[in-house]
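*Asks:* This is the structure I have questions about; it appears just below.
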Amino acid sequence: MKYAVIQAHRGEFRLVLMCRALQVSRSGFYAWAKREPKSCTPEEQRLRVEIRSIHRKSGRTYGSPRVHQELRARAIRCSKKRVERLMREEAIRAKKKRRLRSTTDSNHSHPVAPNLLERRFAVGEVGGVNRVWIGDITYVPTREGWPYLAVVLDFASRRWWAGR
């Protein structure tokens with residue numbers, strides 16, 4: 001990886017300075033540059049296809065241990081390290097399970113609010129606009145975290161009273 005960075009910036013900076021900054025030898029860089037790129041064997045290509053197939057069929061939830069286990073079940077012999085390497089090279093990663101956030105605490109000593117509606121949900125029974133407001137709160141999973149959405153509605157008109 002360090003050698004690839006040096007190769008990419010060779011025209012911008014002096015080779016000696018880049019090798020010193022990345023703590024590699026110039027002879028090591030030249031030996032790396034002289035080597036032919038590693039070609040993939042047909043066996044390895046088939047293995048990559050199998051790994052992609054297993055990963056896709058699992059709903060992208062299998063990591064390298066379970067992919068390796070599935071390969072063994074299909075009578076395909078290879079090491080765990082090889083599966084790890086191929087998955088890393090193909091940028092195949094398992095989806096992490098999202099933690100379910102608990103939002104209700106029913107074990108408390110607070111008094112229970114009275115049921116003022118008493119299951120009268122018809123608009124005519126509640127007495128018109130701005131008499132009964134209803135609300136709810138929910139957490140929405142995003143990449144940044146768990147922001148919440150709180151909504152208050154007028155029961156009769158179904159108009160938003162508030163939302164944040």
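Residues are named by chain letter and number: chains run A, B, ... in the order of the structure tokens, numbers start at 1 in each chain, and ligands are numbered from 1 in the order shown.
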As a CSV table (one decimal) with C-alpha atoms, in the first residue's frame, which residues of chain A does DSSP assign to alpha helix (DSSP H)?

*Replies:*
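File written: result-v2.csv
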chain,number,residue,atom,x,y,z
A,2,LYS,CA,2.8,2.4,0.9
A,3,TYR,CA,4.5,1.6,-2.4
A,4,ALA,CA,1.3,2.4,-4.3
A,5,VAL,CA,1.2,5.8,-2.6
A,6,ILE,CA,4.8,6.5,-3.6
A,7,GLN,CA,4.1,5.4,-7.2
A,8,ALA,CA,1.0,7.7,-7.4
A,15,LEU,CA,11.5,9.6,-4.1
A,16,VAL,CA,14.0,9.8,-1.2
A,17,LEU,CA,11.7,12.0,0.8
A,18,MET,CA,8.6,9.9,0.3
A,19,CYS,CA,10.5,6.7,1.2
A,20,ARG,CA,11.8,8.3,4.3
A,21,ALA,CA,8.4,9.7,5.3
A,22,LEU,CA,6.7,6.3,4.8
A,26,ARG,CA,14.2,2.8,-1.9
A,27,SER,CA,15.4,-0.7,-2.9
A,28,GLY,CA,12.2,-2.2,-1.6
A,29,PHE,CA,10.2,0.3,-3.7
A,30,TYR,CA,12.2,-0.5,-6.8
A,31,ALA,CA,11.8,-4.3,-6.2
A,32,TRP,CA,8.0,-3.8,-5.8
A,33,ALA,CA,7.8,-1.7,-9.0
A,34,LYS,CA,9.7,-4.3,-11.0
A,42,PRO,CA,-9.2,-19.6,-12.4
A,43,GLU,CA,-9.6,-21.4,-9.1
A,44,GLU,CA,-9.4,-18.2,-7.2
A,45,GLN,CA,-11.9,-16.5,-9.6
A,46,ARG,CA,-14.4,-19.3,-9.0
A,47,LEU,CA,-13.9,-18.9,-5.2
A,48,ARG,CA,-14.6,-15.2,-5.5
A,49,VAL,CA,-17.8,-15.9,-7.4
A,50,GLU,CA,-18.9,-18.4,-4.7
A,51,ILE,CA,-18.1,-16.0,-1.9
A,52,ARG,CA,-20.1,-13.2,-3.6
A,53,SER,CA,-23.0,-15.6,-4.1
A,54,ILE,CA,-23.0,-16.8,-0.5
A,55,HIS,CA,-22.8,-13.3,0.8
A,56,ARG,CA,-25.6,-12.1,-1.5
A,57,LYS,CA,-27.9,-15.1,-0.5
A,64,SER,CA,-15.9,-14.5,6.7
A,65,PRO,CA,-16.4,-17.2,9.3
A,66,ARG,CA,-19.9,-18.1,8.1
A,67,VAL,CA,-18.9,-17.7,4.4
A,68,HIS,CA,-16.1,-20.2,5.1
A,69,GLN,CA,-18.5,-22.5,6.9
A,70,GLU,CA,-20.9,-22.4,3.9
A,71,LEU,CA,-18.0,-23.1,1.5
A,72,ARG,CA,-17.1,-26.2,3.5
A,73,ALA,CA,-20.8,-27.3,3.4
A,80,LYS,CA,-10.3,-19.2,6.7
A,81,LYS,CA,-7.5,-16.7,6.0
A,82,ARG,CA,-8.0,-17.1,2.2
A,83,VAL,CA,-11.7,-16.3,2.6
A,84,GLU,CA,-10.8,-13.3,4.8
A,85,ARG,CA,-8.3,-12.0,2.2
A,86,LEU,CA,-10.6,-12.5,-0.8
A,87,MET,CA,-13.5,-10.8,1.0
A,88,ARG,CA,-11.2,-7.9,1.9
A,89,GLU,CA,-10.0,-7.6,-1.7

*Asks:* From the options A:Tyr148, A:His110, A:Arg60, A:Arg74, which residue's atoms come nearest to A:Ala91, counting only C-alpha atoms?

*Replies:*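 Ranking A:Tyr148, A:His110, A:Arg60, A:Arg74 by distance to A:Ala91, first place goes to A:Arg60.
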
*Asks:* Residues within 9 Å of stretch 150-156 of chain A, please, as a ChimeraX atom specification. Count only C-alpha atoms; anything in the same chain fewer than 6 positions from it doesn't count.

*Replies:* /A:121-124,126-139,162-164

*Asks:* Deliver the residues from the most recent selection as a file, using C-alpha atoms, as a PDB file, in the first residue's frame.

*Replies:*
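Output file part.pdb follows:
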ATOM      1  CA  PHE A 121     -62.719   7.730  18.322  1.00  0.00           C
ATOM      2  CA  ALA A 122     -65.444   9.080  16.025  1.00  0.00           C
ATOM      3  CA  VAL A 123     -64.957  12.760  15.136  1.00  0.00           C
ATOM      4  CA  GLY A 124     -68.509  13.698  16.163  1.00  0.00           C
ATOM      5  CA  VAL A 126     -65.031  14.279  20.621  1.00  0.00           C
ATOM      6  CA  GLY A 127     -66.698  17.661  20.308  1.00  0.00           C
ATOM      7  CA  GLY A 128     -65.072  19.319  17.268  1.00  0.00           C
ATOM      8  CA  VAL A 129     -61.844  21.000  16.262  1.00  0.00           C
ATOM      9  CA  ASN A 130     -59.171  21.854  18.864  1.00  0.00           C
ATOM     10  CA  ARG A 131     -60.826  19.783  21.600  1.00  0.00           C
ATOM     11  CA  VAL A 132     -58.620  16.670  21.441  1.00  0.00           C
ATOM     12  CA  TRP A 133     -54.993  16.535  20.446  1.00  0.00           C
ATOM     13  CA  ILE A 134     -53.169  13.269  19.918  1.00  0.00           C
ATOM     14  CA  GLY A 135     -49.452  12.675  19.743  1.00  0.00           C
ATOM     15  CA  ASP A 136     -46.759  10.118  19.228  1.00  0.00           C
ATOM     16  CA  ILE A 137     -42.999   9.903  19.282  1.00  0.00           C
ATOM     17  CA  THR A 138     -40.712   7.547  17.391  1.00  0.00           C
ATOM     18  CA  TYR A 139     -36.993   7.135  16.878  1.00  0.00           C
ATOM     19  CA  ALA A 162     -46.637  20.359  15.799  1.00  0.00           C
ATOM     20  CA  GLY A 163     -43.889  18.159  14.529  1.00  0.00           C
ATOM     21  CA  ARG A 164     -40.188  18.154  15.221  1.00  0.00           C
TER      22      ARG A 164
END
